[in-house]
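*Asks:* Input structure: entry-v6.cif, which contains mmCIF, C-alpha atoms and all ligand atoms.
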```cif
data_data
#
loop_
_atom_site.label_atom_id
_atom_site.label_comp_id
_atom_site.auth_asym_id
_atom_site.auth_seq_id
_atom_site.Cartn_x
_atom_site.Cartn_y
_atom_site.Cartn_z
CA MET A 16 1.79 -3.92 -56.16
CA THR A 17 4.53 -4.52 -58.67
CA GLU A 18 5.76 -8.07 -58.92
CA PRO A 19 9.48 -8.20 -57.99
CA THR A 20 11.53 -8.87 -61.08
CA SER A 21 15.08 -9.79 -61.88
CA THR A 22 17.57 -7.86 -63.91
CA THR A 23 20.76 -9.36 -65.05
CA GLY A 24 24.20 -8.31 -66.14
CA THR A 25 26.25 -10.20 -68.66
CA GLY A 26 28.11 -12.08 -65.89
CA ASN A 27 31.09 -14.26 -66.59
CA PRO A 28 30.49 -17.94 -67.20
CA GLY A 29 33.11 -18.95 -64.60
CA PRO A 30 35.99 -21.40 -64.97
CA PRO A 31 35.62 -23.86 -67.89
CA HIS A 32 34.48 -26.79 -65.77
CA SER A 33 32.13 -24.88 -63.49
CA ARG A 34 28.67 -26.28 -63.25
CA LEU A 35 27.54 -23.30 -61.22
CA ALA A 36 29.01 -19.83 -61.70
CA ILE A 37 27.59 -16.90 -59.75
CA SER A 38 28.98 -13.44 -60.38
CA GLY A 39 28.05 -9.98 -59.16
CA LEU A 40 24.88 -11.35 -57.59
CA THR A 41 22.82 -9.06 -55.39
CA ILE A 42 19.72 -10.22 -53.51
CA SER A 43 17.67 -7.35 -52.11
CA PHE A 44 14.44 -6.96 -50.20
CA GLY A 45 14.77 -3.18 -49.91
CA SER A 46 17.16 -0.54 -51.16
CA THR A 47 20.29 -2.21 -49.74
CA PRO A 48 21.30 -5.71 -50.91
CA THR A 49 21.02 -8.37 -48.22
CA VAL A 50 23.47 -10.55 -50.15
CA TYR A 51 26.25 -9.44 -52.48
CA LEU A 52 28.28 -12.24 -54.03
CA ASP A 53 31.15 -11.15 -56.18
CA SER A 54 31.86 -14.71 -57.26
CA LEU A 55 30.91 -18.24 -56.25
CA THR A 56 31.51 -21.36 -58.33
CA VAL A 57 30.90 -25.09 -58.00
CA GLY A 58 32.92 -27.26 -60.37
CA ASP A 59 31.84 -30.45 -62.07
CA GLY A 60 31.91 -33.21 -59.43
CA GLU A 61 32.91 -30.73 -56.74
CA ILE A 62 31.40 -30.38 -53.25
CA VAL A 63 31.47 -26.81 -52.02
CA GLY A 64 30.41 -25.80 -48.52
CA LEU A 65 28.74 -22.51 -47.70
CA ALA A 66 29.48 -21.63 -44.07
CA GLY A 67 28.69 -18.73 -41.78
CA GLU A 68 26.59 -17.84 -38.79
CA SER A 69 22.83 -17.40 -38.81
CA GLY A 70 21.68 -14.60 -41.12
CA ALA A 71 24.87 -14.64 -43.23
CA GLY A 72 22.87 -15.21 -46.42
CA LYS A 73 23.69 -18.89 -47.04
CA SER A 74 20.13 -20.11 -47.58
CA LEU A 75 19.19 -17.10 -49.72
CA THR A 76 22.14 -17.91 -51.95
CA GLY A 77 21.04 -21.54 -52.36
CA LEU A 78 17.40 -20.60 -52.90
CA SER A 79 18.43 -18.04 -55.53
CA VAL A 80 20.14 -20.71 -57.59
CA LEU A 81 16.89 -22.68 -57.47
CA GLY A 82 15.01 -19.56 -58.61
CA LEU A 83 12.94 -19.48 -55.44
CA THR A 84 13.82 -16.03 -54.05
CA PRO A 85 11.69 -13.79 -56.33
CA ARG A 86 8.57 -15.42 -54.88
CA MET A 87 9.87 -14.46 -51.41
CA GLY A 88 9.81 -10.83 -52.54
CA ALA A 89 13.52 -10.57 -53.42
CA TRP A 90 14.96 -8.51 -56.24
CA LEU A 91 17.99 -10.04 -57.93
CA THR A 92 20.69 -8.57 -60.16
CA GLY A 93 23.89 -10.08 -61.51
CA SER A 94 24.39 -13.52 -62.95
CA ILE A 95 23.76 -17.14 -61.96
CA ARG A 96 24.80 -19.66 -64.61
CA LEU A 97 24.23 -23.38 -64.47
CA ASP A 98 26.16 -25.29 -67.12
CA GLY A 99 26.71 -21.97 -68.88
CA ARG A 100 23.00 -21.13 -68.99
CA GLU A 101 21.88 -17.88 -67.38
CA LEU A 102 19.19 -18.64 -64.79
CA LEU A 103 18.15 -15.12 -63.82
CA THR A 104 16.43 -14.47 -67.14
CA LEU A 105 14.99 -17.95 -67.56
CA PRO A 106 11.17 -18.12 -67.73
CA GLU A 107 9.56 -19.78 -64.68
CA ARG A 108 8.44 -22.75 -66.79
CA GLU A 109 12.06 -23.50 -67.78
CA LEU A 110 13.26 -22.99 -64.21
CA ARG A 111 10.65 -25.45 -62.99
CA ARG A 112 11.92 -27.99 -65.50
CA LEU A 113 15.49 -27.49 -64.25
CA ARG A 114 14.36 -27.77 -60.62
CA GLY A 115 12.59 -31.02 -61.38
CA GLY A 116 15.46 -32.37 -63.46
CA THR A 117 19.00 -31.01 -63.47
CA MET A 118 19.10 -29.47 -59.99
CA ALA A 119 17.37 -30.31 -56.75
CA LEU A 120 17.06 -29.06 -53.19
CA ILE A 121 17.83 -31.49 -50.39
CA PRO A 122 15.96 -29.89 -47.51
CA GLN A 123 16.84 -29.61 -43.85
CA SER A 124 13.65 -31.32 -42.81
CA PRO A 125 12.46 -33.93 -45.31
CA ALA A 126 9.55 -34.77 -42.99
CA SER A 127 7.88 -31.46 -43.86
CA ALA A 128 8.68 -31.87 -47.57
CA PHE A 129 6.69 -35.12 -47.92
CA ASN A 130 2.91 -35.37 -47.90
CA PRO A 131 2.16 -37.43 -44.74
CA LEU A 132 -0.84 -39.06 -46.42
CA LEU A 133 1.08 -40.57 -49.32
CA ARG A 134 3.41 -43.55 -49.36
CA VAL A 135 6.87 -42.35 -50.36
CA GLY A 136 6.73 -44.66 -53.40
CA THR A 137 3.60 -42.84 -54.58
CA VAL A 138 5.38 -39.48 -54.24
CA ILE A 139 8.34 -40.67 -56.33
CA THR A 140 6.34 -42.47 -59.01
CA ARG A 141 3.90 -39.54 -59.38
CA ALA A 142 6.82 -37.16 -59.92
CA LEU A 143 8.32 -39.52 -62.49
CA ARG A 144 5.00 -39.94 -64.30
CA LEU A 145 4.67 -36.16 -64.51
CA HIS A 146 8.00 -36.27 -66.32
CA GLY A 147 6.62 -38.72 -68.86
CA ASP A 148 7.34 -42.19 -67.44
CA THR A 149 4.81 -45.00 -67.79
CA ARG A 150 3.61 -46.61 -64.55
CA ALA A 151 6.05 -49.53 -65.01
CA GLN A 152 8.99 -47.26 -65.87
CA ALA A 153 8.27 -45.03 -62.87
CA ARG A 154 8.13 -48.04 -60.54
CA GLN A 155 11.38 -49.43 -61.92
CA ARG A 156 13.18 -46.07 -61.69
CA ALA A 157 11.90 -45.46 -58.14
CA GLU A 158 13.26 -48.87 -57.04
CA ALA A 159 16.61 -48.21 -58.74
CA ALA A 160 16.88 -44.77 -57.09
CA LEU A 161 16.24 -46.31 -53.68
CA GLU A 162 19.03 -48.80 -54.29
CA ARG A 163 21.39 -45.91 -55.09
CA VAL A 164 20.78 -44.52 -51.58
CA ARG A 165 21.02 -48.00 -50.01
CA LEU A 166 17.36 -48.49 -49.19
CA SER A 167 15.35 -51.52 -50.26
CA LYS A 168 12.29 -51.31 -52.47
CA GLU A 169 10.13 -52.27 -49.44
CA HIS A 170 10.66 -48.70 -48.21
CA LEU A 171 8.53 -47.45 -51.12
CA ARG A 172 5.46 -48.86 -49.37
CA ARG A 173 6.01 -46.85 -46.23
CA TYR A 174 4.44 -43.57 -45.20
CA PRO A 175 6.82 -40.75 -44.14
CA HIS A 176 6.08 -41.30 -40.43
CA GLN A 177 7.13 -44.94 -40.78
CA LEU A 178 10.66 -43.90 -41.76
CA SER A 179 13.45 -42.52 -39.58
CA GLY A 180 14.80 -39.01 -40.25
CA GLY A 181 17.87 -40.49 -41.93
CA GLN A 182 15.82 -42.87 -44.10
CA LEU A 183 13.54 -40.01 -45.13
CA GLN A 184 16.56 -37.88 -46.05
CA ARG A 185 17.74 -40.82 -48.21
CA VAL A 186 14.32 -40.93 -49.87
CA ALA A 187 14.56 -37.16 -50.57
CA ILE A 188 17.95 -37.75 -52.20
CA ALA A 189 16.55 -40.75 -54.13
CA LEU A 190 13.71 -38.59 -55.46
CA ALA A 191 16.22 -36.02 -56.73
CA LEU A 192 18.33 -38.76 -58.34
CA ALA A 193 15.29 -40.46 -59.89
CA LEU A 194 14.37 -37.18 -61.57
CA GLY A 195 17.88 -36.90 -62.99
CA ALA A 196 19.41 -34.25 -60.72
CA ARG A 197 23.15 -33.76 -61.24
CA PHE A 198 23.50 -30.69 -59.07
CA LEU A 199 22.28 -30.78 -55.47
CA ILE A 200 21.75 -27.86 -53.15
CA ALA A 201 21.74 -29.36 -49.71
CA ASP A 202 20.53 -26.85 -47.12
CA GLU A 203 21.54 -28.06 -43.65
CA PRO A 204 20.81 -31.64 -44.78
CA THR A 205 21.99 -33.20 -41.53
CA SER A 206 21.18 -30.68 -38.83
CA ALA A 207 17.88 -32.37 -37.90
CA LEU A 208 19.59 -35.78 -37.52
CA ASP A 209 21.52 -37.38 -34.70
CA VAL A 210 25.31 -37.60 -35.02
CA THR A 211 25.62 -41.19 -36.32
CA VAL A 212 22.92 -40.65 -38.92
CA GLN A 213 24.51 -37.33 -39.91
CA ALA A 214 27.73 -39.17 -40.70
CA GLU A 215 25.85 -41.74 -42.81
CA ILE A 216 24.18 -39.03 -44.90
CA LEU A 217 27.49 -37.23 -45.42
CA GLN A 218 29.06 -40.54 -46.52
CA LEU A 219 26.19 -41.10 -48.92
CA LEU A 220 26.70 -37.65 -50.50
CA GLU A 221 30.43 -38.34 -50.79
CA ARG A 222 29.76 -41.71 -52.45
CA LEU A 223 27.29 -40.19 -54.91
CA ARG A 224 29.86 -37.62 -55.89
CA ALA A 225 32.56 -40.28 -56.29
CA GLU A 226 30.43 -42.82 -58.15
CA GLU A 227 28.08 -40.59 -60.10
CA GLY A 228 29.98 -37.30 -60.37
CA LEU A 229 27.29 -35.19 -58.72
CA SER A 230 28.11 -31.57 -57.89
CA ILE A 231 26.90 -30.34 -54.51
CA LEU A 232 26.54 -26.95 -52.84
CA MET A 233 26.11 -27.69 -49.15
CA VAL A 234 24.83 -24.95 -46.88
CA SER A 235 25.58 -25.42 -43.21
CA HIS A 236 26.50 -23.57 -40.06
CA ASP A 237 28.29 -26.79 -39.00
CA LEU A 238 31.88 -26.21 -40.07
CA ALA A 239 32.95 -29.67 -38.85
CA ALA A 240 30.39 -31.35 -41.13
CA LEU A 241 31.50 -29.20 -44.07
CA ALA A 242 35.18 -29.85 -43.37
CA GLY A 243 34.57 -33.62 -43.46
CA LEU A 244 32.89 -33.53 -46.85
CA CYS A 245 33.73 -30.48 -48.92
CA ASP A 246 36.59 -29.86 -51.33
CA ARG A 247 36.26 -26.14 -50.79
CA ILE A 248 34.54 -23.96 -48.21
CA VAL A 249 33.13 -20.50 -48.81
CA VAL A 250 32.65 -18.49 -45.63
CA MET A 251 29.94 -15.83 -45.70
CA ARG A 252 29.30 -13.00 -43.30
CA ASP A 253 26.67 -10.27 -43.56
CA GLY A 254 25.79 -11.36 -47.09
CA ARG A 255 29.35 -11.33 -48.43
CA VAL A 256 32.09 -13.88 -48.98
CA VAL A 257 34.94 -13.41 -46.54
CA GLU A 258 36.96 -16.44 -47.60
CA ASP A 259 36.79 -19.07 -50.37
CA ARG A 260 39.55 -21.70 -50.16
CA PRO A 261 40.25 -25.42 -50.33
CA THR A 262 39.04 -27.01 -47.10
CA LEU A 263 42.39 -28.08 -45.66
CA GLU A 264 43.97 -24.66 -46.29
CA LEU A 265 40.99 -22.88 -44.79
CA VAL A 266 40.83 -24.90 -41.57
CA THR A 267 44.60 -25.02 -41.01
CA SER A 268 45.48 -21.43 -41.90
CA PRO A 269 42.44 -19.19 -42.17
CA ASN A 270 43.09 -15.78 -43.72
CA ASP A 271 40.21 -13.97 -42.13
CA PRO A 272 39.73 -13.42 -38.35
CA TYR A 273 36.04 -14.31 -38.75
CA THR A 274 36.91 -17.71 -40.26
CA GLU A 275 39.32 -18.20 -37.37
CA GLU A 276 36.50 -17.50 -34.91
CA LEU A 277 34.28 -20.07 -36.62
CA ILE A 278 37.06 -22.67 -36.52
CA ASP A 279 37.90 -21.99 -32.88
CA ALA A 280 34.24 -22.53 -32.00
CA VAL A 281 34.41 -26.14 -33.28
CA PRO A 282 36.28 -28.38 -30.82
CA GLN A 283 37.26 -30.90 -33.54
CA LEU A 284 38.79 -28.16 -35.71
CA GLY A 285 40.09 -25.60 -33.25
CA PRO A 286 43.71 -25.34 -32.12
CA ALA A 287 45.11 -28.13 -29.95
CA PRO A 288 45.45 -27.03 -26.30
CA GLY A 289 48.84 -25.49 -25.52
CA PRO A 290 51.07 -26.98 -22.77
CA ALA A 291 49.63 -24.65 -20.12
CA GLU A 292 46.03 -25.63 -20.91
CA ALA A 293 46.96 -29.32 -21.17
CA GLY A 294 48.62 -29.05 -17.75
CA ARG A 295 45.54 -27.38 -16.26
CA ALA A 296 43.34 -30.10 -17.73
CA GLY A 297 45.57 -32.70 -16.05
CA THR A 298 45.28 -30.93 -12.68
CA ASP A 299 41.49 -30.69 -12.91
CA ASP A 300 41.22 -34.39 -13.61
CA ALA A 301 43.31 -35.34 -10.64
N1 LIG B 401 11.72 -12.89 -47.12
C1 LIG B 401 12.65 -12.10 -46.54
N2 LIG B 401 12.42 -10.78 -46.39
C2 LIG B 401 13.35 -9.97 -45.84
N3 LIG B 401 14.55 -10.41 -45.37
C3 LIG B 401 14.82 -11.72 -45.49
C4 LIG B 401 13.89 -12.64 -46.08
N4 LIG B 401 14.44 -13.87 -46.05
C5 LIG B 401 15.67 -13.74 -45.47
N5 LIG B 401 15.89 -12.46 -45.14
C6 LIG B 401 17.10 -11.93 -44.48
O1 LIG B 401 18.23 -12.29 -45.22
C7 LIG B 401 19.34 -12.55 -44.34
C8 LIG B 401 19.99 -13.84 -44.73
O2 LIG B 401 19.08 -14.91 -44.47
P1 LIG B 401 19.47 -16.45 -44.76
O3 LIG B 401 18.26 -17.25 -44.43
O4 LIG B 401 20.04 -16.59 -46.10
O5 LIG B 401 20.61 -16.66 -43.67
P2 LIG B 401 21.40 -18.00 -43.34
O6 LIG B 401 22.84 -17.67 -43.45
O7 LIG B 401 20.91 -19.13 -44.17
O8 LIG B 401 21.05 -18.21 -41.82
P3 LIG B 401 20.41 -19.49 -41.06
O9 LIG B 401 21.56 -20.43 -40.86
O10 LIG B 401 19.88 -18.93 -39.80
O11 LIG B 401 19.34 -20.04 -41.97
C9 LIG B 401 18.78 -12.54 -42.93
O12 LIG B 401 19.17 -11.32 -42.32
C10 LIG B 401 17.30 -12.60 -43.12
O13 LIG B 401 16.63 -11.88 -42.12
#
```
Could you render the structure as structure tokens?
Ligand SMILES: Nc1ncnc2c1ncn2[C@@H]1O[C@H](COP(=O)(O)OP(=O)(O)OP(=O)(O)O)[C@@H](O)[C@H]1O

*Replies:*
Amino acid sequence: MTEPTSTTGTGNPGPPHSRLAISGLTISFGSTPTVYLDSLTVGDGEIVGLAGESGAGKSLTGLSVLGLTPRMGAWLTGSIRLDGRELLTLPERELRRLRGGTMALIPQSPASAFNPLLRVGTVITRALRLHGDTRAQARQRAEAALERVRLSKEHLRRYPHQLSGGQLQRVAIALALALGARFLIADEPTSALDVTVQAEILQLLERLRAEEGLSILMVSHDLAALAGLCDRIVVMRDGRVVEDRPTLELVTSPNDPYTEELIDAVPQLGPAPGPAEAGRAGTDDA
């Protein structure tokens, strides 16, 4: 069997301050592309949301940036540039270095991303030592990274099952920060958490962007979560972008009927009830 490969066009590098610039990207498993992205950018220090219903192609887009789709059997064409560097033609060794350093995936379920038999401190310090730190440097950097996500160094001694979902998500973010990630791809980072903890993680991401200038591509089917955090939201449907606009514009005056449907499905974002509905609500309560 032939190993799936990538071909690439010249692609445009995107606006001057784009960290991520995707253009003319196709992701295919057969003869017809599953995803076709004309253009998608994430600016320096920008948080961009990728919204859409199940199967829209959000995760595939995120995984493609990380260089993880060819091993799923996907064939990619087009261009994905990170800081001006074309990723589609980068050798796997270089991609691995970028994944361990410049960019990182914040997974939906950190519990399955951590080895249950290792203390989380061991996971972080091992990763840092693989990147050349001494034992003392790794320890010091792990503790500093935990502080950046508002956990104490005592948490390093815990096993994954001894941490809550929210704490474990913080540890996953700390690991990415410790390794030097400046660009995060967060794939449904809060959907496995309860509402209060979701809000805390979203606040943490917002603070990291404000204080450290991180750029984030956040994939979620939860438009309310995206609207609370993102500067811009890109709505995908059937593998294509249907709308890409600043958050406030998108939620207050969507251009596309599909975006409107998504907004109407979220009680916090949908239209306020008209007088007739408000009246009916009053009657029902009585
Ligand atoms: N390995 C694969 N082989 C073939 N098709 C795939 C593969 N992985 C994903 N797909 C298809 O690609 C499409 C997009 O999937 P993707 O996971 O990106 O959707 P999504 O928008 O993230 O949805 P969800 O929110 O449910 O994760 C789906 O129709 C899916 O069936």

*Asks:* Neighbours of ligand LIG 401 (chain B) within 12 Å, counting all atoms listed in the file, as a VMD selection string?

*Replies:* chain A and resid 41 to 51 65 to 79 83 to 90 122 to 123 201 to 204 206 233 to 238 249 to 256

*Asks:* Using only C-alpha atoms, please write the residues we just selected to a file, as a CSV table (one decimal), keeping the file's coordinate frame.

*Replies:*
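selection12.csv was written with the following content:
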```
chain,number,residue,atom,x,y,z
A,41,THR,CA,22.8,-9.1,-55.4
A,42,ILE,CA,19.7,-10.2,-53.5
A,43,SER,CA,17.7,-7.4,-52.1
A,44,PHE,CA,14.4,-7.0,-50.2
A,45,GLY,CA,14.8,-3.2,-49.9
A,46,SER,CA,17.2,-0.5,-51.2
A,47,THR,CA,20.3,-2.2,-49.7
A,48,PRO,CA,21.3,-5.7,-50.9
A,49,THR,CA,21.0,-8.4,-48.2
A,50,VAL,CA,23.5,-10.6,-50.2
A,51,TYR,CA,26.2,-9.4,-52.5
A,65,LEU,CA,28.7,-22.5,-47.7
A,66,ALA,CA,29.5,-21.6,-44.1
A,67,GLY,CA,28.7,-18.7,-41.8
A,68,GLU,CA,26.6,-17.8,-38.8
A,69,SER,CA,22.8,-17.4,-38.8
A,70,GLY,CA,21.7,-14.6,-41.1
A,71,ALA,CA,24.9,-14.6,-43.2
A,72,GLY,CA,22.9,-15.2,-46.4
A,73,LYS,CA,23.7,-18.9,-47.0
A,74,SER,CA,20.1,-20.1,-47.6
A,75,LEU,CA,19.2,-17.1,-49.7
A,76,THR,CA,22.1,-17.9,-52.0
A,77,GLY,CA,21.0,-21.5,-52.4
A,78,LEU,CA,17.4,-20.6,-52.9
A,79,SER,CA,18.4,-18.0,-55.5
A,83,LEU,CA,12.9,-19.5,-55.4
A,84,THR,CA,13.8,-16.0,-54.0
A,85,PRO,CA,11.7,-13.8,-56.3
A,86,ARG,CA,8.6,-15.4,-54.9
A,87,MET,CA,9.9,-14.5,-51.4
A,88,GLY,CA,9.8,-10.8,-52.5
A,89,ALA,CA,13.5,-10.6,-53.4
A,90,TRP,CA,15.0,-8.5,-56.2
A,122,PRO,CA,16.0,-29.9,-47.5
A,123,GLN,CA,16.8,-29.6,-43.8
A,201,ALA,CA,21.7,-29.4,-49.7
A,202,ASP,CA,20.5,-26.8,-47.1
A,203,GLU,CA,21.5,-28.1,-43.6
A,204,PRO,CA,20.8,-31.6,-44.8
A,206,SER,CA,21.2,-30.7,-38.8
A,233,MET,CA,26.1,-27.7,-49.2
A,234,VAL,CA,24.8,-25.0,-46.9
A,235,SER,CA,25.6,-25.4,-43.2
A,236,HIS,CA,26.5,-23.6,-40.1
A,237,ASP,CA,28.3,-26.8,-39.0
A,238,LEU,CA,31.9,-26.2,-40.1
A,249,VAL,CA,33.1,-20.5,-48.8
A,250,VAL,CA,32.6,-18.5,-45.6
A,251,MET,CA,29.9,-15.8,-45.7
A,252,ARG,CA,29.3,-13.0,-43.3
A,253,ASP,CA,26.7,-10.3,-43.6
A,254,GLY,CA,25.8,-11.4,-47.1
A,255,ARG,CA,29.4,-11.3,-48.4
A,256,VAL,CA,32.1,-13.9,-49.0
```

*Asks:* Could you tell me how far atom CA of Ser268 of chain A lies from atom CA of Ala240 of chain A, in Å and to one decimal?

*Replies:*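 Straight-line distance from atom CA of Ser268 of chain A to atom CA of Ala240 of chain A works out to 18.1 Å.
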
*Asks:* Please compute the atom CA of Glu61 of chain A-atom CA of Phe129 of chain A distance, one decimal, in Å.

*Replies:*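 For atom CA of Glu61 of chain A relative to atom CA of Phe129 of chain A, the distance reads 28.0 Å.
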
*Asks:* One decimal, Å: what's the distance from atom CA of Leu229 of chain A over to atom CA of Ile62 of chain A, could you say?

*Replies:*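 We find that atom CA of Leu229 of chain A and atom CA of Ile62 of chain A lie 8.4 Å from each other.
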
*Asks:* With all atoms listed in the file as the atoms that count, which of A:Val135, A:Arg154, A:Ala242, A:Ala159 lies nearest to Gln184 of chain A?

*Replies:*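 For Gln184 of chain A, the nearest of the candidates is A:Val135.
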
*Asks:* I'd like the neighbourhood of Arg150 of chain A as a list in words, where a residue qualifies if any of its atoms comes within 9 Å (using all atoms listed in the file), though same-chain residues fewer than 5 positions away should be ignored.

*Replies:*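 Non-adjacent residues within range: Thr140, Arg141, Leu143, Arg144 and Gln155 of chain A.
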
*Asks:* Take the residues just selected and output them with C-alpha atoms as a short mmCIF file (atom, residue, chain, number, x, y, z; two decimals), in the coordinates of the input.

*Replies:*
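Result written to part.cif:
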```cif
data_model
loop_
_atom_site.label_atom_id
_atom_site.label_comp_id
_atom_site.auth_asym_id
_atom_site.auth_seq_id
_atom_site.Cartn_x
_atom_site.Cartn_y
_atom_site.Cartn_z
CA THR A 140 6.34 -42.47 -59.01
CA ARG A 141 3.90 -39.54 -59.38
CA LEU A 143 8.32 -39.52 -62.49
CA ARG A 144 5.00 -39.94 -64.30
CA GLN A 155 11.38 -49.43 -61.92
#
```

*Asks:* Please provide the set of residues having any atom within 12 Å of Arg222 of chain A, restricted to only C-alpha atoms, with same-chain residues fewer than 6 positions apart removed, written as a VMD selection string.

*Replies:* chain A and resid 60 62 163 to 165 215 to 216 228 to 231 244

*Asks:* How about saving the chosen residues, C-alpha atoms kept, as an mmCIF file, keeping the file's coordinate frame?

*Replies:*
```cif
data_model
loop_
_atom_site.group_PDB
_atom_site.id
_atom_site.type_symbol
_atom_site.label_atom_id
_atom_site.label_comp_id
_atom_site.auth_asym_id
_atom_site.auth_seq_id
_atom_site.Cartn_x
_atom_site.Cartn_y
_atom_site.Cartn_z
ATOM 1 C CA GLY A 60 31.910 -33.210 -59.430
ATOM 2 C CA ILE A 62 31.400 -30.380 -53.250
ATOM 3 C CA ARG A 163 21.390 -45.910 -55.090
ATOM 4 C CA VAL A 164 20.780 -44.520 -51.580
ATOM 5 C CA ARG A 165 21.020 -48.000 -50.010
ATOM 6 C CA GLU A 215 25.850 -41.740 -42.810
ATOM 7 C CA ILE A 216 24.180 -39.030 -44.900
ATOM 8 C CA GLY A 228 29.980 -37.300 -60.370
ATOM 9 C CA LEU A 229 27.290 -35.190 -58.720
ATOM 10 C CA SER A 230 28.110 -31.570 -57.890
ATOM 11 C CA ILE A 231 26.900 -30.340 -54.510
ATOM 12 C CA LEU A 244 32.890 -33.530 -46.850
#
```

*Asks:* Counting all atoms listed in the file, figure out which residue out of A:Gly136, A:Leu166, A:Ala157, A:His146 gets nearest to Gln182 of chain A.

*Replies:* A:Leu166

*Asks:* Go through A:Ala142, A:Val80, A:Ala187, A:Leu113 and flag the residue nearest Leu232 of chain A, using only C-alpha atoms for the distances.

*Replies:* A:Val80

*Asks:* Which is closest to Leu97 of chain A among A:Ser33, A:Ser38, A:Asn130, A:Thr149, if we use only C-alpha atoms?

*Replies:*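 With only C-alpha atoms as the atom set, the closest residue is A:Ser33.
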
*Asks:* Rank A:Glu227, A:Asp209, A:Glu221, A:Glu258 by their smallest atom-to-atom distance to Gly195 of chain A, using all atoms listed in the file, and report the top residue only.

*Replies:*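 Looking at the shortest contact to Gly195 of chain A, the residue is A:Glu227.
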
*Asks:* Measuring atom to atom with only C-alpha atoms, identify which of A:Thr92, A:Leu223, A:Gly181, A:Leu35 is nearest to Val210 of chain A.

*Replies:*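 Nearest candidate to Val210 of chain A out of A:Thr92, A:Leu223, A:Gly181, A:Leu35: A:Gly181.
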